[in-house]
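Please read the structure below before turning to the comments.
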Number of protein chains: 4
Amino acid sequence: MEKIKGSPRKGVDLRPDPSVLFQAVRKGKMIIVLKPAATKKDADEIIARIAALGLKPLYMPGTERTVLGAIGDERVIAGLHLESHPLVEKITPILTPYKMVSRDLHPEDTIVRIGDVEVGGKRITIIAGPCAVESREQMEETARAVKEAGAHGLRGGAFKPRSSPYSFQGLGMRGLKILKEVGEATGLAVVTEVLEAGDVPAVEGLADALQVGARNMQNFRLLTRLGRSRKPVILKRGMAATVEDLLLAAEYIVTEGNPNVILCERGIRTFETATRNTLDLNAVPYLKQKSHLPVMVDPSHGTGVRDLVAPMAKAALACGADGLLIEVHRNPKEALSDGQQSLYPHQFMKLMKELRPLVRALGREM
Amino acid sequence: MEKIKGSPRKGVDLRPDPSVLFQAVRKGKMIIVLKPAATKKDADEIIARIAALGLKPLYMPGTERTVLGAIGDERVIAGLHLESHPLVEKITPILTPYKMVSRDLHPEDTIVRIGDVEVGGKRITIIAGPCAVESREQMEETARAVKEAGAHGLRGGAFKPRSSPYSFQGLGMRGLKILKEVGEATGLAVVTEVLEAGDVPAVEGLADALQVGARNMQNFRLLTRLGRSRKPVILKRGMAATVEDLLLAAEYIVTEGNPNVILCERGIRTFETATRNTLDLNAVPYLKQKSHLPVMVDPSHGTGVRDLVAPMAKAALACGADGLLIEVHRNPKEALSDGQQSLYPHQFMKLMKELRPLVRALGREM
Amino acid sequence: MEKIKGSPRKGVDLRPDPSVLFQAVRKGKMIIVLKPAATKKDADEIIARIAALGLKPLYMPGTERTVLGAIGDERVIAGLHLESHPLVEKITPILTPYKMVSRDLHPEDTIVRIGDVEVGGKRITIIAGPCAVESREQMEETARAVKEAGAHGLRGGAFKPRSSPYSFQGLGMRGLKILKEVGEATGLAVVTEVLEAGDVPAVEGLADALQVGARNMQNFRLLTRLGRSRKPVILKRGMAATVEDLLLAAEYIVTEGNPNVILCERGIRTFETATRNTLDLNAVPYLKQKSHLPVMVDPSHGTGVRDLVAPMAKAALACGADGLLIEVHRNPKEALSDGQQSLYPHQFMKLMKELRPLVRALGREM
Amino acid sequence: MEKIKGSPRKGVDLRPDPSVLFQAVRKGKMIIVLKPAATKKDADEIIARIAALGLKPLYMPGTERTVLGAIGDERVIAGLHLESHPLVEKITPILTPYKMVSRDLHPEDTIVRIGDVEVGGKRITIIAGPCAVESREQMEETARAVKEAGAHGLRGGAFKPRSSPYSFQGLGMRGLKILKEVGEATGLAVVTEVLEAGDVPAVEGLADALQVGARNMQNFRLLTRLGRSRKPVILKRGMAATVEDLLLAAEYIVTEGNPNVILCERGIRTFETATRNTLDLNAVPYLKQKSHLPVMVDPSHGTGVRDLVAPMAKAALACGADGLLIEVHRNPKEALSDGQQSLYPHQFMKLMKELRPLVRALGREM
């Protein structure tokens, strides 16, 4: 509970020195379009406010609308708060909203290690397993199958966020221990979801990577707490989150001191109902171009339909994803959650065989 | 941390007896459409599975597709898990996904008390104040203004969830204490946002109602914890949440034992960018018809544009909302967050004057 | 077929003189953000290109990104085509994309006459009737009912655009004649949909106003042809159209010479499936503030659910709509299309009674 | 104008015999959920209505809600119109809304010929060229470049649908003639957009395939007219169209007698603004599984960003697309429309080289 006393960022501070953080990005600009009703006097008043903060003002009068500019330290610009001025029609900040995760600041690809597995760079990483840990037998059988097919990691949820309070909510800590033991027995790195900041200490000891689910992408307490962990974080895009929102959520983790973040596209909510979500693969090359972080794709949640998982897994790699999260269940007919989007072990085996020539044709390795 | 040991629902159990819960809704039906490839034998196998659970099976053969049905206890039906069967094309459950919050179960309007203020029934309730608590002076000045204009409650955020880690994050506990003291001084009930389950004990002692923000609508740990509180909860709809998702989130709180839930429409995310969100007022009469809980509307977040707040506040009441949450700041030009959607005190005063004849014309009271 | 020979705008030119058109809006600005890779030489080259067109260039260098500006005649600016330049990261035009329909250009409300009925100004106009003309008896009975309840106009589709080729497609010209005769007999102005440019001559002789359906909002041939008509046009917003798209579609009609355009919000397509569409009432005050054209709302299509029509009709008026389009059928159970969103005559009568005190409370007349 | 006299389907009837059309799909079912308020008498009344039409009624009473069914000829079921009944809560039709385009009816892949080029089957087809025909020189230069890189067809718009009346609207018939002559000179099949039914006769003589743009996907007059043409049609998905809407639009063309339809995914409109549209690649395997028609993808409009075109072109093929529509301009900096999403000729050449090993790895040919 220390977090709610005073600053939300208290405790041992693992964050990078802010002077380093802002080193390459210290200057910004803001363009301010005034409403037609703004007079020369109004413009002068705003110019004075800009200048008073030590920023360089710009004045661009017009027959219809006057446009102003402010140039200088972008933290100062962010403090102008002109968006709420009654005579301001529109603000266009020429800033980079995210910094630490931006490729502008860090041009080389970041490679994140989950256990012994590298994510990013030339290699393609496949993490497979059931939606939820249901029993030791289910996990052992599924883990053996995905290992044999060539998967690098094992997924399985112990704490399940479910839309309805009447749905299966996961086995909790017992499920987590099963996951860890099965991972050790098979030599697969294990990935599981963490639901809130308070759970991080317990979960980080039992998993090789921590997943933030779509519904928690903007749980800023959880992000901040994960920023103080050293475990890699797989950050899933929220159902209504823009790619910029996703990068800002990653920024929360990285600015706290944990650079091991993997972004994950898993489908957004649109008007289309033939599929559970709309997998936004445009986001993959976009994120790879704007950020140095690795990008994975979850075609199981991204489609919600078993027969669409394999084609969308291929598409994800073709547009540049560094890896895949795929739901596999030993018997989807009996799955307690998400059975309709889980592959049968033989389907996963077939998919892995089909991915190999594709990965080579793309000039990558698996 | 007790929550992650074993069941997520442990502790003193305040939930209603399940036999009461399911009393009026114990029977359901499920319609199962088979794929064209399904044979008579496949159908018989599924029928046997339905019958084995004590449900009544139905068989509707066809030239192209066979349709099956299952009638019986809806908790048993929910355990059929046929959605993942490879020969099942589509499942249509004829169930009520939410129960405790449904008007089917509880036909009369629920009235929730925030401090001395009633929400629901014939009265219209207005809660106003700044997005964030910034200082004692700001709160005092704003509180006096909204009180004078006729508001019933005071809002103000102490813990602010912000998309960017570089934005103002709120004053924390210090802000909360300011809010409480200003509320007491002016006689206004106070409402503030709570960000995670662990914060509930500290926050519930200082506020008359706890708000769950849009980004936390599916933070099920928080919902479950609020279900064990006795404080009223204002539950804001998530940006990508359907009205059914919202009712299910409310169900999490009510099934834990706290019946004091107010639903709040605050805009959803759509392709339209002229406004910050798309205020979905269709949701208001829909929620009032399906549920007995009170419904409020937040036209400030729902539009994101100061000049649209007053017309949308009127529209919200006209379609049946029980109250409004409105952002008012003593000087929006200097607001640390959301200034562009905050009303000036004189604008709020004018709006309150315009609402009075409207409320009378609608046959309600304020 | 003359339209496809040469210019799509040939024929008798009813458009206003362009010098008048652009009189008040001749100056614009464009802000051009260069990519980090752009050198001083690249910036100079673009500056030269801006200057060569007679525009005033602006140069704002920075440590990370250079920003350029261009000031001058906005038609010239629109011809810069810098959005496709490989070193340009982002373009922000400070232009008004629409002109003739903008309140900047024409501050007073436009009042459009449909037959003897005025739309816009202080009065509220109600147009009611079935989705489709099905028979003379159906139209007569429905027209008498809506007239008695106080409606000002009668709607009815003769040519129906339907998603499926197997659905009822309307009675065609026969339906149109029924509509006209029933309108004359009851003294109600009649409104009907026109599907393509070639149909305008036949339809404009038989109706008092022509409706452009949501699916045709960007049928630019139809819009251009309606711009040469003198009949008022009710332009419905497309399901994926922004409010700016809607204003630009209206601009097509008005620039061709027909100023009699009524904008109509009828719901957009979002992820919400509880209602047929999401009625975007934010659009109503937004459109009223940006444009001088009247705005109507169609709560029948905007909800798709009979029980939501009355509350949303009230909400539409409360946020500033100038009128309503409401589907009423003498017996919705037997309607050949959209029966589930049609009011029964007695429900429409009740709604009209409830609207009267509301209209007075809003300071308007009906 | 014959179309608006009487039936919209008059003239020489090229449609297949309806008895053939419905041969394999003649039986359907409908599930009708009654509201809790419905009595046994209400249910009996509806059952009588079902039986009166010669359908087999089903009766499934329950403690809370009664469910009815209707089995029989699906055209008769479609005529029940129970969706508008006041005591009906929900209707679930177990019908196939589209028939002629369904793989249920026609399991083999359809191969469509555009000039000498086959689309569908094992081959991958690439159609490239500028957004709009701007001049003979521009088309000749671009055509030579895309031909040399290995494209099979040439695209170019002569009639451009543009959101603003102030944007370039295309060269019209002059542009079409340039396109045809350049196609003949280079031996490339040519594809161009047709805007309305009345233009079809003129355009079909000059192009090898006719494209229906996203804004016209539900211009049912145009679809019906193209159904009477013998030229192949590339049908682009509308910005707010579901995949089912797209299949129903194709059904309009095929039921009129033209089986040569190619479906095209080109991005839908969502809340994401980093890209112009959200390319919904889920739709590709979905459409291939549900329909026998070929599917192409337009990654240029689907992203709106030049740097994203190549990765998304690869993704489209990886998930099963039969071909690509790609915008290439000899000098995108000077393009009159959509320059920011057009590839430079050398970029297109590079993409084609990268596609070849990918196509082989996917087991297809190019």
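Residue names in the structure tokens use chain letters A, B, ... in the order shown, residue numbers from 1 in each chain, and ligand numbers from 1 in the order shown.
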Each residue of chain C lying at most 10 Å from chain B should get a row with its shortest atom-to-atom pair and the distance in Å to one decimal, counting only C-alpha atoms; could you produce that, ordered by chain and increasing number, as a tab-separated table?
```
residue	atom	partner	partner_atom	distance
C:Ala240	CA	B:Phe271	CA	7.5
C:Ala241	CA	B:Glu272	CA	7.9
C:Thr242	CA	B:Glu272	CA	5.4
C:Val243	CA	B:Ala274	CA	7.2
C:Glu244	CA	B:Ala274	CA	7.9
C:Gly267	CA	B:Asn282	CA	9.9
C:Ile268	CA	B:Thr270	CA	8.9
C:Arg269	CA	B:Thr270	CA	8.4
C:Thr270	CA	B:Thr270	CA	6.1
C:Phe271	CA	B:Thr242	CA	7.5
C:Glu272	CA	B:Thr242	CA	5.4
C:Thr273	CA	B:Thr242	CA	7.5
C:Ala274	CA	B:Val243	CA	7.2
C:Thr275	CA	B:Asn282	CA	7.5
C:Asn277	CA	B:Asn282	CA	9.0
C:Thr278	CA	B:Asp280	CA	6.4
C:Leu279	CA	B:Asn282	CA	6.6
C:Asp280	CA	B:Thr278	CA	6.4
C:Leu281	CA	B:Leu279	CA	7.3
C:Asn282	CA	B:Leu279	CA	6.6
C:Ala283	CA	B:Thr275	CA	8.5
C:Val284	CA	B:Pro311	CA	8.9
C:Pro285	CA	B:Leu308	CA	6.3
C:Tyr286	CA	B:Leu308	CA	6.9
C:Gln289	CA	B:Asp307	CA	8.8
C:Pro299	CA	B:Asn282	CA	9.4
C:Gly302	CA	B:Asn282	CA	8.4
C:Thr303	CA	B:Asn282	CA	6.7
C:Val305	CA	B:Tyr286	CA	9.5
C:Asp307	CA	B:Pro285	CA	8.4
C:Leu308	CA	B:Pro285	CA	6.3
C:Val309	CA	B:Asn282	CA	9.2
C:Ala310	CA	B:Cys319	CA	8.1
C:Pro311	CA	B:Cys319	CA	4.3
C:Met312	CA	B:Cys319	CA	5.6
C:Ala313	CA	B:Cys319	CA	8.0
C:Lys314	CA	B:Ala318	CA	5.5
C:Ala315	CA	B:Ala315	CA	4.0
C:Ala316	CA	B:Ala315	CA	6.5
C:Leu317	CA	B:Ala315	CA	7.5
C:Ala318	CA	B:Ala315	CA	4.8
C:Cys319	CA	B:Pro311	CA	4.3
C:Gly320	CA	B:Pro311	CA	6.9
C:Glu354	CA	B:Leu362	CA	8.2
C:Leu355	CA	B:Ala361	CA	9.0
C:Arg356	CA	B:Ala361	CA	8.9
C:Pro357	CA	B:Ala361	CA	5.5
C:Leu358	CA	B:Ala361	CA	5.4
C:Val359	CA	B:Ala361	CA	8.8
C:Arg360	CA	B:Ala361	CA	8.4
C:Ala361	CA	B:Leu358	CA	5.4
C:Leu362	CA	B:Leu358	CA	6.9
C:Gly363	CA	B:Pro357	CA	9.9
```
Distance CA of Pro86 in chain D-CA of Arg306 in chain C, one decimal place?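 For CA of Pro86 in chain D relative to CA of Arg306 in chain C, the distance reads 8.7 Å.
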Looking at only C-alpha atoms, which of A:His301, A:Val133, A:Glu365, A:Met173 is the one that sits closest to Ala214 in chain A? A:His301
Pick from B:Ile178, B:Ile127, B:Val212, B:Val112 nearest to Arg230 in chain B, counting only C-alpha atoms: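 Distance minimum relative to Arg230 in chain B lands on B:Val112.
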Report as a compact mmCIF listing (two decimals) with N, CA, C and O atoms, in the first residue's frame all protein, DNA and RNA residues lying within 9 Å of Pro332 in chain C, evaluated on only C-alpha atoms, omitting residues in the same chain fewer than 3 positions from it.
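Written out: selection29.txt:
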```txt
# COMPACT_ATOMS: atom_id res chain seq x y z
N PRO C 130 -44.13 5.12 -43.03
CA PRO C 130 -43.51 3.79 -43.05
C PRO C 130 -42.16 3.80 -43.76
O PRO C 130 -41.87 4.71 -44.53
N VAL C 328 -43.30 5.09 -38.82
CA VAL C 328 -44.59 4.70 -38.22
C VAL C 328 -45.27 3.79 -39.24
O VAL C 328 -45.27 4.09 -40.43
N HIS C 329 -45.82 2.70 -38.79
CA HIS C 329 -46.50 1.76 -39.69
C HIS C 329 -47.85 1.42 -39.06
O HIS C 329 -47.93 1.26 -37.85
N ALA C 335 -45.09 -5.32 -41.47
CA ALA C 335 -44.26 -4.48 -42.34
C ALA C 335 -43.32 -5.34 -43.18
O ALA C 335 -42.79 -6.34 -42.69
N LEU C 336 -43.11 -4.95 -44.44
CA LEU C 336 -42.22 -5.72 -45.31
C LEU C 336 -40.76 -5.36 -45.07
O LEU C 336 -39.87 -6.03 -45.55
N SER C 337 -40.49 -4.27 -44.35
CA SER C 337 -39.11 -3.95 -44.00
C SER C 337 -39.10 -3.11 -42.74
O SER C 337 -40.01 -2.32 -42.52
N ASP C 338 -38.07 -3.31 -41.92
CA ASP C 338 -37.82 -2.47 -40.73
C ASP C 338 -38.98 -2.41 -39.74
O ASP C 338 -39.08 -1.45 -38.97
N GLY C 339 -39.83 -3.44 -39.71
CA GLY C 339 -40.94 -3.43 -38.78
C GLY C 339 -40.51 -3.30 -37.33
O GLY C 339 -41.18 -2.66 -36.52
N GLN C 340 -39.36 -3.86 -36.98
CA GLN C 340 -38.96 -3.86 -35.57
C GLN C 340 -38.61 -2.49 -35.04
O GLN C 340 -38.49 -2.29 -33.85
N GLN C 341 -38.42 -1.51 -35.94
CA GLN C 341 -38.13 -0.16 -35.47
C GLN C 341 -39.27 0.81 -35.73
O GLN C 341 -39.15 2.00 -35.46
N SER C 342 -40.39 0.32 -36.26
CA SER C 342 -41.53 1.21 -36.56
C SER C 342 -42.44 1.33 -35.35
O SER C 342 -42.74 0.34 -34.69
N LEU C 343 -42.90 2.56 -35.12
CA LEU C 343 -43.88 2.78 -34.06
C LEU C 343 -45.28 2.39 -34.54
O LEU C 343 -45.60 2.53 -35.73
N TYR C 344 -46.11 1.94 -33.63
CA TYR C 344 -47.53 1.80 -33.88
C TYR C 344 -48.13 3.21 -33.88
O TYR C 344 -47.60 4.10 -33.18
N SER D 84 -40.57 -7.88 -36.07
CA SER D 84 -41.26 -6.66 -35.66
C SER D 84 -42.41 -6.93 -34.69
O SER D 84 -43.10 -6.02 -34.27
N HIS D 85 -42.60 -8.18 -34.31
CA HIS D 85 -43.69 -8.52 -33.40
C HIS D 85 -43.38 -7.99 -31.99
O HIS D 85 -42.28 -8.19 -31.49
N PRO D 86 -44.34 -7.31 -31.34
CA PRO D 86 -44.03 -6.66 -30.05
C PRO D 86 -43.68 -7.65 -28.93
O PRO D 86 -43.06 -7.24 -27.95
```
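Candidate residues B:Pro57, B:Pro201, B:Ile50, B:Phe168 were compared for distance to His81 in chain A, and the nearest is B:Phe168, using only C-alpha atoms.
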May I have the residues within 12 Å of range 135-142 of chain D as a VMD selection string, using only C-alpha atoms and disregarding those fewer than 4 positions away in the same chain? chain D and resid 128 to 131 146 to 149 151 153 to 158 170 to 172 174 to 188 190 327 to 332 334 to 336 342 to 346 348 to 349
Mind listing the alpha helix (DSSP H) residues of range 155-313 of chain C, per DSSP on the backbone, as a ChimeraX atom specification? /C:173-186,200-204,220-226,243-255,283-290,299-303,306-313
Between CA of Ala38 in chain C and CA of Asp245 in chain A, what is the distance in Å, rounded to a tenth?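 Going from CA of Ala38 in chain C over to CA of Asp245 in chain A covers 26.7 Å.
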Which residues come within 10 Å of Glu196 in chain C, counting only C-alpha atoms, excluding same-chain residues fewer than 4 positions away, as a list in words?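 That gives Val200, Val212, Asn216, Asn219, Phe220, Arg221, Leu222, Leu223, Arg225 and Leu226 of chain C; Glu196, Ala197, Gly198, Asn219, Phe220, Arg221 and Leu222 of chain D.
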Range 52-243 of chain D: which residues are strand (DSSP E) by DSSP, as an NGL selection string? :D and (56-60 or 67-73 or 88-94 or 112-114 or 117-119 or 125-129 or 153-155 or 189-193 or 209-212 or 233-236)
So, counting only C-alpha atoms, which residue among B:Glu251, B:Glu256, B:Asp298, B:Asp208 is closest to Gly115 in chain B?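 Comparing B:Glu251, B:Glu256, B:Asp298, B:Asp208 against Gly115 in chain B, the winner is B:Asp208.
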